[in-house]
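Trainee: The structure file structure.txt (compact mmCIF, N, CA and C atoms and all ligand atoms) is provided below.
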```
# COMPACT_ATOMS: atom_id res chain seq x y z
N MET A 1 70.53 269.34 119.52
CA MET A 1 71.39 269.02 118.38
C MET A 1 70.92 269.77 117.14
N LYS A 2 71.90 270.22 116.37
CA LYS A 2 71.63 270.97 115.15
C LYS A 2 72.58 270.49 114.07
N ILE A 3 72.17 270.61 112.82
CA ILE A 3 73.09 270.36 111.71
C ILE A 3 73.16 271.66 110.91
N ILE A 4 74.35 272.09 110.59
CA ILE A 4 74.47 273.28 109.75
C ILE A 4 75.26 272.96 108.48
N ASP A 5 75.01 273.78 107.46
CA ASP A 5 75.67 273.66 106.17
C ASP A 5 76.84 274.64 106.15
N MET A 6 78.05 274.12 105.98
CA MET A 6 79.23 274.99 106.01
C MET A 6 79.32 275.93 104.81
N HIS A 7 78.43 275.74 103.79
CA HIS A 7 78.37 276.73 102.72
C HIS A 7 77.90 278.08 103.26
N ASN A 8 77.15 278.02 104.35
CA ASN A 8 76.66 279.25 104.97
C ASN A 8 77.70 279.75 105.97
N ARG A 9 78.45 280.76 105.58
CA ARG A 9 79.58 281.22 106.39
C ARG A 9 79.16 281.78 107.75
N ASN A 10 77.88 282.13 107.88
CA ASN A 10 77.45 282.70 109.15
C ASN A 10 77.12 281.63 110.19
N SER A 11 77.03 280.37 109.74
CA SER A 11 76.66 279.31 110.67
C SER A 11 77.85 278.87 111.51
N LYS A 12 77.64 278.86 112.81
CA LYS A 12 78.70 278.40 113.72
C LYS A 12 78.43 276.95 114.09
N TYR A 13 79.51 276.19 114.24
CA TYR A 13 79.35 274.78 114.58
C TYR A 13 80.35 274.40 115.67
N THR A 14 80.10 273.25 116.30
CA THR A 14 81.02 272.76 117.33
C THR A 14 81.69 271.44 116.94
N VAL A 15 81.05 270.67 116.04
CA VAL A 15 81.65 269.40 115.62
C VAL A 15 81.61 269.32 114.10
N ARG A 16 82.79 269.34 113.48
CA ARG A 16 82.85 269.21 112.03
C ARG A 16 82.70 267.74 111.67
N CYS A 17 81.82 267.43 110.69
CA CYS A 17 81.49 266.03 110.37
C CYS A 17 81.74 265.69 108.91
N ASP A 18 82.47 266.55 108.18
CA ASP A 18 82.70 266.20 106.76
C ASP A 18 83.90 265.25 106.64
N ARG A 19 84.28 264.95 105.41
CA ARG A 19 85.32 263.93 105.20
C ARG A 19 86.70 264.37 105.68
N ALA A 20 86.87 265.63 106.06
CA ALA A 20 88.13 266.06 106.64
C ALA A 20 88.30 265.47 108.05
N THR A 21 87.25 264.85 108.57
CA THR A 21 87.27 264.30 109.92
C THR A 21 86.89 262.81 109.90
N ILE A 22 87.09 262.14 111.03
CA ILE A 22 86.73 260.72 111.16
C ILE A 22 85.22 260.53 111.04
N LEU A 23 84.44 261.59 111.30
CA LEU A 23 82.99 261.49 111.26
C LEU A 23 82.42 261.62 109.85
N GLY A 24 83.28 261.86 108.87
CA GLY A 24 82.83 262.05 107.49
C GLY A 24 82.31 260.76 106.85
N ASN A 25 81.67 260.91 105.70
CA ASN A 25 81.09 259.77 104.98
C ASN A 25 82.08 259.24 103.93
N PRO A 26 82.72 258.09 104.17
CA PRO A 26 83.71 257.57 103.21
C PRO A 26 83.07 257.09 101.92
N CYS A 27 81.74 256.98 101.89
CA CYS A 27 81.04 256.50 100.69
C CYS A 27 80.78 257.62 99.69
N SER A 28 81.04 258.87 100.07
CA SER A 28 80.68 260.01 99.20
C SER A 28 81.90 260.67 98.53
N ARG A 29 83.04 259.98 98.52
CA ARG A 29 84.23 260.58 97.88
C ARG A 29 83.99 260.77 96.39
N PRO A 30 84.17 262.02 95.88
CA PRO A 30 83.91 262.26 94.46
C PRO A 30 84.86 261.46 93.57
N GLY A 31 84.28 260.77 92.58
CA GLY A 31 85.07 260.01 91.61
C GLY A 31 85.59 258.68 92.12
N ALA A 32 85.33 258.34 93.38
CA ALA A 32 85.85 257.10 93.95
C ALA A 32 84.72 256.10 94.16
N PRO A 33 85.00 254.81 93.89
CA PRO A 33 83.94 253.82 94.13
C PRO A 33 83.62 253.70 95.62
N CYS A 34 82.34 253.53 95.89
CA CYS A 34 81.86 253.41 97.26
C CYS A 34 82.39 252.11 97.89
N PRO A 35 82.92 252.16 99.12
CA PRO A 35 83.43 250.93 99.74
C PRO A 35 82.33 249.90 100.05
N ILE A 36 81.08 250.31 100.01
CA ILE A 36 79.97 249.39 100.32
C ILE A 36 79.34 248.82 99.05
N CYS A 37 78.94 249.69 98.09
CA CYS A 37 78.20 249.20 96.91
C CYS A 37 79.03 249.25 95.63
N ASN A 38 80.22 249.84 95.70
CA ASN A 38 81.14 249.94 94.57
C ASN A 38 80.69 250.90 93.46
N LYS A 39 79.55 251.60 93.64
CA LYS A 39 79.14 252.62 92.67
C LYS A 39 79.88 253.92 92.99
N VAL A 40 80.00 254.78 91.96
CA VAL A 40 80.53 256.12 92.22
C VAL A 40 79.34 257.03 92.47
N HIS A 41 79.16 257.48 93.70
CA HIS A 41 77.97 258.26 94.05
C HIS A 41 78.06 259.72 93.62
N PHE A 42 79.29 260.25 93.55
CA PHE A 42 79.47 261.67 93.22
C PHE A 42 80.61 261.85 92.22
N GLY A 43 80.43 262.80 91.32
CA GLY A 43 81.48 263.13 90.37
C GLY A 43 82.22 264.38 90.81
N PRO A 44 83.04 264.94 89.91
CA PRO A 44 83.76 266.17 90.26
C PRO A 44 82.79 267.27 90.69
N GLY A 45 83.21 268.07 91.63
CA GLY A 45 82.36 269.14 92.14
C GLY A 45 81.15 268.62 92.90
N MET A 46 81.24 267.37 93.39
CA MET A 46 80.16 266.73 94.15
C MET A 46 78.86 266.65 93.35
N LYS A 47 78.98 266.51 92.02
CA LYS A 47 77.79 266.28 91.19
C LYS A 47 77.24 264.89 91.54
N GLN A 48 75.96 264.88 91.89
CA GLN A 48 75.33 263.63 92.35
C GLN A 48 75.07 262.68 91.18
N LEU A 49 75.60 261.46 91.24
CA LEU A 49 75.48 260.50 90.13
C LEU A 49 74.49 259.37 90.45
N THR A 50 74.12 259.19 91.70
CA THR A 50 73.14 258.15 92.08
C THR A 50 72.02 258.84 92.86
N PRO A 51 70.79 258.30 92.80
CA PRO A 51 69.68 258.95 93.51
C PRO A 51 69.87 258.96 95.04
N CYS A 52 70.68 258.05 95.55
CA CYS A 52 70.69 257.82 97.01
C CYS A 52 71.64 258.71 97.81
N ARG A 53 72.48 259.49 97.18
CA ARG A 53 73.44 260.32 97.91
C ARG A 53 74.33 259.51 98.88
N SER A 54 74.43 258.22 98.70
CA SER A 54 75.31 257.34 99.50
C SER A 54 74.91 257.26 100.98
N ILE A 55 73.70 257.70 101.29
CA ILE A 55 73.28 257.73 102.70
C ILE A 55 73.09 256.32 103.26
N GLN A 56 72.40 255.45 102.50
CA GLN A 56 72.20 254.08 103.01
C GLN A 56 73.53 253.34 103.10
N CYS A 57 74.42 253.63 102.15
CA CYS A 57 75.74 253.00 102.20
C CYS A 57 76.49 253.46 103.45
N TYR A 58 76.37 254.73 103.78
CA TYR A 58 77.02 255.24 104.99
C TYR A 58 76.46 254.53 106.23
N ARG A 59 75.14 254.34 106.24
CA ARG A 59 74.50 253.66 107.36
C ARG A 59 75.05 252.23 107.50
N THR A 60 75.15 251.53 106.37
CA THR A 60 75.72 250.18 106.37
C THR A 60 77.17 250.20 106.84
N TRP A 61 77.94 251.14 106.30
CA TRP A 61 79.36 251.27 106.67
C TRP A 61 79.52 251.48 108.17
N LEU A 62 78.66 252.36 108.72
CA LEU A 62 78.71 252.68 110.15
C LEU A 62 78.48 251.43 111.00
N TRP A 63 77.47 250.64 110.60
CA TRP A 63 77.17 249.44 111.40
C TRP A 63 78.27 248.40 111.29
N ILE A 64 78.90 248.32 110.11
CA ILE A 64 80.05 247.41 109.96
C ILE A 64 81.18 247.86 110.89
N GLU A 65 81.42 249.18 110.93
CA GLU A 65 82.48 249.71 111.81
C GLU A 65 82.15 249.45 113.28
N PHE A 66 80.87 249.57 113.64
CA PHE A 66 80.46 249.28 115.02
C PHE A 66 80.73 247.81 115.34
N GLU A 67 80.39 246.94 114.39
CA GLU A 67 80.61 245.50 114.61
C GLU A 67 82.09 245.17 114.70
N LYS A 68 82.92 245.94 113.96
CA LYS A 68 84.38 245.76 114.03
C LYS A 68 84.97 246.40 115.29
N GLU A 69 84.09 247.05 116.07
CA GLU A 69 84.50 247.79 117.27
C GLU A 69 85.57 248.82 116.95
N ASN A 70 85.31 249.65 115.95
CA ASN A 70 86.18 250.77 115.61
C ASN A 70 86.14 251.79 116.75
N LYS A 71 87.10 251.64 117.67
CA LYS A 71 87.07 252.41 118.92
C LYS A 71 87.17 253.92 118.69
N GLU A 72 88.01 254.32 117.73
CA GLU A 72 88.21 255.74 117.47
C GLU A 72 86.91 256.39 116.98
N LEU A 73 86.24 255.69 116.07
CA LEU A 73 84.98 256.21 115.52
C LEU A 73 83.88 256.22 116.59
N ILE A 74 83.76 255.13 117.33
CA ILE A 74 82.73 255.04 118.37
C ILE A 74 82.95 256.14 119.43
N ALA A 75 84.21 256.35 119.82
CA ALA A 75 84.51 257.39 120.81
C ALA A 75 84.16 258.77 120.27
N ALA A 76 84.44 258.99 118.98
CA ALA A 76 84.16 260.30 118.38
C ALA A 76 82.66 260.57 118.36
N ILE A 77 81.86 259.54 118.10
CA ILE A 77 80.40 259.71 118.07
C ILE A 77 79.87 259.89 119.49
N LYS A 78 80.38 259.07 120.43
CA LYS A 78 79.93 259.20 121.82
C LYS A 78 80.26 260.56 122.40
N ALA A 79 81.35 261.18 121.92
CA ALA A 79 81.81 262.47 122.47
C ALA A 79 80.90 263.63 122.06
N ILE A 80 80.03 263.40 121.06
CA ILE A 80 79.09 264.44 120.64
C ILE A 80 78.13 264.70 121.81
N LYS A 81 77.85 265.98 122.06
CA LYS A 81 76.99 266.34 123.18
C LYS A 81 75.62 266.85 122.68
N HIS A 82 74.63 266.79 123.60
CA HIS A 82 73.26 267.20 123.28
C HIS A 82 73.18 268.57 122.59
N ASP A 83 74.01 269.52 123.05
CA ASP A 83 73.89 270.89 122.53
C ASP A 83 74.90 271.18 121.41
N ASP A 84 75.51 270.13 120.86
CA ASP A 84 76.47 270.36 119.78
C ASP A 84 75.77 270.71 118.47
N THR A 85 76.52 271.41 117.62
CA THR A 85 76.07 271.72 116.26
C THR A 85 77.00 271.00 115.30
N LEU A 86 76.43 270.05 114.55
CA LEU A 86 77.21 269.27 113.60
C LEU A 86 77.31 270.04 112.28
N ALA A 87 78.47 269.96 111.65
CA ALA A 87 78.64 270.69 110.40
C ALA A 87 78.97 269.75 109.25
N CYS A 88 78.22 269.90 108.15
CA CYS A 88 78.48 269.16 106.91
C CYS A 88 78.27 270.15 105.76
N TRP A 89 78.10 269.66 104.54
CA TRP A 89 77.92 270.54 103.38
C TRP A 89 76.56 270.30 102.72
N CYS A 90 75.59 269.70 103.45
CA CYS A 90 74.35 269.25 102.81
C CYS A 90 73.10 270.03 103.21
N CYS A 91 72.95 270.35 104.47
CA CYS A 91 71.65 270.86 104.91
C CYS A 91 71.76 271.61 106.24
N GLU A 92 70.66 272.30 106.58
CA GLU A 92 70.52 272.91 107.90
C GLU A 92 69.29 272.28 108.52
N LYS A 93 69.43 271.61 109.66
CA LYS A 93 68.29 270.97 110.31
C LYS A 93 68.45 271.07 111.81
N GLU A 94 67.31 271.14 112.48
CA GLU A 94 67.34 271.33 113.92
C GLU A 94 66.24 270.51 114.58
N GLY A 95 66.51 269.99 115.76
CA GLY A 95 65.50 269.28 116.55
C GLY A 95 64.94 268.07 115.84
N THR A 96 63.61 267.90 115.91
CA THR A 96 62.98 266.69 115.37
C THR A 96 63.11 266.59 113.84
N ALA A 97 63.33 267.72 113.17
CA ALA A 97 63.50 267.68 111.70
C ALA A 97 64.67 266.78 111.32
N ILE A 98 65.66 266.65 112.20
CA ILE A 98 66.83 265.82 111.91
C ILE A 98 66.41 264.38 111.61
N PHE A 99 65.45 263.86 112.38
CA PHE A 99 65.05 262.47 112.12
C PHE A 99 63.70 262.33 111.45
N LEU A 100 62.90 263.40 111.40
CA LEU A 100 61.60 263.30 110.72
C LEU A 100 61.70 263.63 109.23
N ASP A 101 62.59 264.55 108.86
CA ASP A 101 62.72 264.93 107.45
C ASP A 101 63.38 263.79 106.65
N GLN A 102 63.18 263.85 105.35
CA GLN A 102 63.88 262.92 104.45
C GLN A 102 65.39 263.03 104.71
N VAL A 103 66.07 261.89 104.69
CA VAL A 103 67.50 261.90 105.00
C VAL A 103 68.30 262.33 103.76
N VAL A 104 68.93 263.50 103.86
CA VAL A 104 69.73 264.03 102.77
C VAL A 104 71.21 264.14 103.15
N CYS A 105 71.49 263.99 104.44
CA CYS A 105 72.86 264.21 104.93
C CYS A 105 73.24 263.09 105.90
N HIS A 106 74.49 262.62 105.80
CA HIS A 106 74.92 261.53 106.69
C HIS A 106 74.86 261.95 108.16
N CYS A 107 74.84 263.26 108.43
CA CYS A 107 74.74 263.72 109.82
C CYS A 107 73.42 263.28 110.46
N GLN A 108 72.38 263.11 109.64
CA GLN A 108 71.09 262.63 110.18
C GLN A 108 71.22 261.18 110.65
N ILE A 109 72.05 260.39 109.96
CA ILE A 109 72.34 259.02 110.36
C ILE A 109 73.27 259.03 111.58
N LEU A 110 74.21 259.95 111.55
CA LEU A 110 75.15 260.12 112.66
C LEU A 110 74.38 260.44 113.96
N PHE A 111 73.36 261.27 113.83
CA PHE A 111 72.52 261.61 114.99
C PHE A 111 71.85 260.35 115.55
N ARG A 112 71.31 259.50 114.65
CA ARG A 112 70.67 258.27 115.11
C ARG A 112 71.70 257.36 115.79
N ALA A 113 72.88 257.28 115.21
CA ALA A 113 73.95 256.45 115.79
C ALA A 113 74.34 256.98 117.17
N TRP A 114 74.43 258.29 117.28
CA TRP A 114 74.76 258.92 118.55
C TRP A 114 73.72 258.59 119.62
N ARG A 115 72.44 258.67 119.23
CA ARG A 115 71.36 258.32 120.17
C ARG A 115 71.49 256.86 120.59
N PHE A 116 71.78 256.01 119.62
CA PHE A 116 71.91 254.58 119.89
C PHE A 116 73.06 254.33 120.86
N LEU A 117 74.21 254.96 120.60
CA LEU A 117 75.39 254.71 121.44
C LEU A 117 75.25 255.31 122.83
N ASN A 118 74.56 256.41 122.95
CA ASN A 118 74.49 257.12 124.23
C ASN A 118 73.26 256.84 125.05
N GLU A 119 72.18 256.50 124.38
CA GLU A 119 70.92 256.36 125.14
C GLU A 119 70.25 255.03 124.91
N GLU A 120 70.93 254.15 124.15
CA GLU A 120 70.40 252.82 123.91
C GLU A 120 69.00 252.84 123.27
N VAL A 121 68.74 253.89 122.48
CA VAL A 121 67.46 253.97 121.75
C VAL A 121 67.73 253.45 120.35
N TYR A 122 66.97 252.50 119.90
CA TYR A 122 67.21 251.96 118.56
C TYR A 122 66.95 253.02 117.52
N PRO A 123 67.92 253.28 116.61
CA PRO A 123 67.76 254.40 115.69
C PRO A 123 66.70 254.18 114.60
ZN ZN B 1 77.42 253.08 97.96
ZN ZN B 2 76.08 265.99 104.97
```
Would you mind giving the structure from this file in structure tokens?
Ligand SMILES: [Zn+2]
Ligand SMILES: [Zn+2]

Mentor:
Amino acid sequence: MKIIDMHNRNSKYTVRCDRATILGNPCSRPGAPCPICNKVHFGPGMKQLTPCRSIQCYRTWLWIEFEKENKELIAAIKAIKHDDTLACWCCEKEGTAIFLDQVVCHCQILFRAWRFLNEEVYP
């Protein structure tokens, strides 16, 4: 598994994970209150307004969706394969760096969720 930053035009990916897709982070919409904490995490041009980058809120949101049995979302995460390259706009990470590095991108949480759903390993 790899995460690539779509700002880098040379990076190829297999699964797009930004807000244009179901795998995106609904807590990071610029100018919109977060559905979990009600803070606005990002301003125009994705200017960061809170220290947390909405990552913990995304994690909470994901678990709420799992508890609600959001079938479409669960299926989309389960469909991710070991050799897929996830694409977002935050970072480039590969292998163990995805879960060992500081979490800066919701794709790192997505990876943990994928492991949980597919291999029953607690994230
Ligand atoms: Zn939030
Ligand atoms: Zn990201």

Trainee: Write out as a Markdown table a residue-level contact list of region 6-46 of chain A versus region 105-118 of chain A with cut-off 8 Å: for each qualifying residue the closest pair of atoms and the distance in Å to one decimal, counting all atoms listed in the file, rows sorted by chain and residue number upward.

Mentor:
```
| residue | atom | partner | partner_atom | distance |
| --- | --- | --- | --- | --- |
| A:Cys17 | CA | A:Cys107 | CA | 7.2 |
| A:Leu23 | C | A:His106 | C | 7.8 |
| A:Gly24 | C | A:His106 | CA | 7.4 |
| A:Asn25 | CA | A:His106 | CA | 6.6 |
```

Trainee: Write out as a PyMOL selection string which residues come within 10 Å of region 38-51 of chain A when counting only C-alpha atoms, dropping same-chain ones fewer than 6 positions away.

Mentor: chain A and resi 27-32+57

Trainee: Go ahead and dump the residues you just picked, N, CA and C atoms, as a PDB file, keeping the file's coordinate frame.

Mentor:
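Once everything was written out, this is part.pdb:
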```
ATOM      1  N   CYS A  27      81.740 256.980 101.890  1.00  0.00           N
ATOM      2  CA  CYS A  27      81.040 256.500 100.690  1.00  0.00           C
ATOM      3  C   CYS A  27      80.780 257.620  99.690  1.00  0.00           C
ATOM      4  N   SER A  28      81.040 258.870 100.070  1.00  0.00           N
ATOM      5  CA  SER A  28      80.680 260.010  99.200  1.00  0.00           C
ATOM      6  C   SER A  28      81.900 260.670  98.530  1.00  0.00           C
ATOM      7  N   ARG A  29      83.040 259.980  98.520  1.00  0.00           N
ATOM      8  CA  ARG A  29      84.230 260.580  97.880  1.00  0.00           C
ATOM      9  C   ARG A  29      83.990 260.770  96.390  1.00  0.00           C
ATOM     10  N   PRO A  30      84.170 262.020  95.880  1.00  0.00           N
ATOM     11  CA  PRO A  30      83.910 262.260  94.460  1.00  0.00           C
ATOM     12  C   PRO A  30      84.860 261.460  93.570  1.00  0.00           C
ATOM     13  N   GLY A  31      84.280 260.770  92.580  1.00  0.00           N
ATOM     14  CA  GLY A  31      85.070 260.010  91.610  1.00  0.00           C
ATOM     15  C   GLY A  31      85.590 258.680  92.120  1.00  0.00           C
ATOM     16  N   ALA A  32      85.330 258.340  93.380  1.00  0.00           N
ATOM     17  CA  ALA A  32      85.850 257.100  93.950  1.00  0.00           C
ATOM     18  C   ALA A  32      84.720 256.100  94.160  1.00  0.00           C
ATOM     19  N   CYS A  57      74.420 253.630 102.150  1.00  0.00           N
ATOM     20  CA  CYS A  57      75.740 253.000 102.200  1.00  0.00           C
ATOM     21  C   CYS A  57      76.490 253.460 103.450  1.00  0.00           C
TER      22      CYS A  57
END
```

Trainee: Please return, as a PyMOL selection string, all residues of region 7-99 of chain A that DSSP assigns to strand (DSSP E) on the basis of the backbone.

Mentor: chain A and resi 15-16+85-88+93-94

Trainee: For ligand ZN 2 (chain B), which of A:Ala20, A:Ile74, A:Leu62, A:Cys88 is the closest residue, counting only N, CA and C atoms and all ligand atoms?

Mentor: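 Answer, going by the shortest atom-to-atom distance: A:Cys88.
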
Trainee: Could you list, as JSON, numbers by chain, every residue within 6.5 Å of region 93-100 of chain A, counting only N, CA and C atoms and ignoring same-chain residues fewer than 5 positions away?

Mentor: {"A": [1, 2, 3, 4, 5, 108]}

Trainee: Write down as an NGL selection string the residues belonging to region 19-112 of chain A that are assigned helix (DSSP H, G or I) by DSSP computed on the backbone.

Mentor: :A and (26-28 or 44-46 or 55-67 or 71-78 or 97-100 or 106-112)

Trainee: For a quick check of understanding, using only C-alpha atoms, which of A:Lys71, A:Arg59, A:Arg16, A:Arg9 has the smallest distance to Leu86 (chain A)?

Mentor: A:Arg16

Trainee: Could you jot down the CA of Gln56 (chain A) to CA of Asn10 (chain A) separation for me, Å, one decimal place?

Mentor: 29.7 Å

Trainee: Given only C-alpha atoms as the basis, pick out the residue of A:His7, A:Cys34, A:Asp83, A:Thr21 nearest to Trp61 (chain A).

Mentor: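 Once distances to Trp61 (chain A) are computed over only C-alpha atoms, the minimum belongs to A:Cys34.
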
Trainee: Could you tell me which of A:Val15, A:Cys91, A:Met6, A:Ile22 comes closest to Leu73 (chain A) if we count only C-alpha atoms?

Mentor: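 Between A:Val15, A:Cys91, A:Met6, A:Ile22, the residue approaching Leu73 (chain A) most closely is A:Ile22.
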
Trainee: In Å to one decimal, how far is CA of Thr85 (chain A) from CA of Trp63 (chain A)?

Mentor: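 Separating CA of Trp63 (chain A) from CA of Thr85 (chain A) is a distance of 22.8 Å.
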
Trainee: Select, from A:Lys12, A:Ile36, A:Asp18, A:Ile77, the residue with the minimum atom-to-atom distance to ligand ZN 2 (chain B), counting all atoms listed in the file.

Mentor: A:Asp18

Trainee: Mind pulling up the distance from atom C of Glu119 (chain A) to CA of Phe66 (chain A)?

Mentor: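 Computed distance, CA of Phe66 (chain A) to atom C of Glu119 (chain A), equals 15.3 Å.
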
Trainee: Given only N, CA and C atoms and all ligand atoms as the basis, pick out the residue of A:Lys68, A:Ser11, A:Gln102, A:Cys37 nearest to ligand ZN 1 (chain B).

Mentor: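 Nearest candidate to ligand ZN 1 (chain B) out of A:Lys68, A:Ser11, A:Gln102, A:Cys37: A:Cys37.
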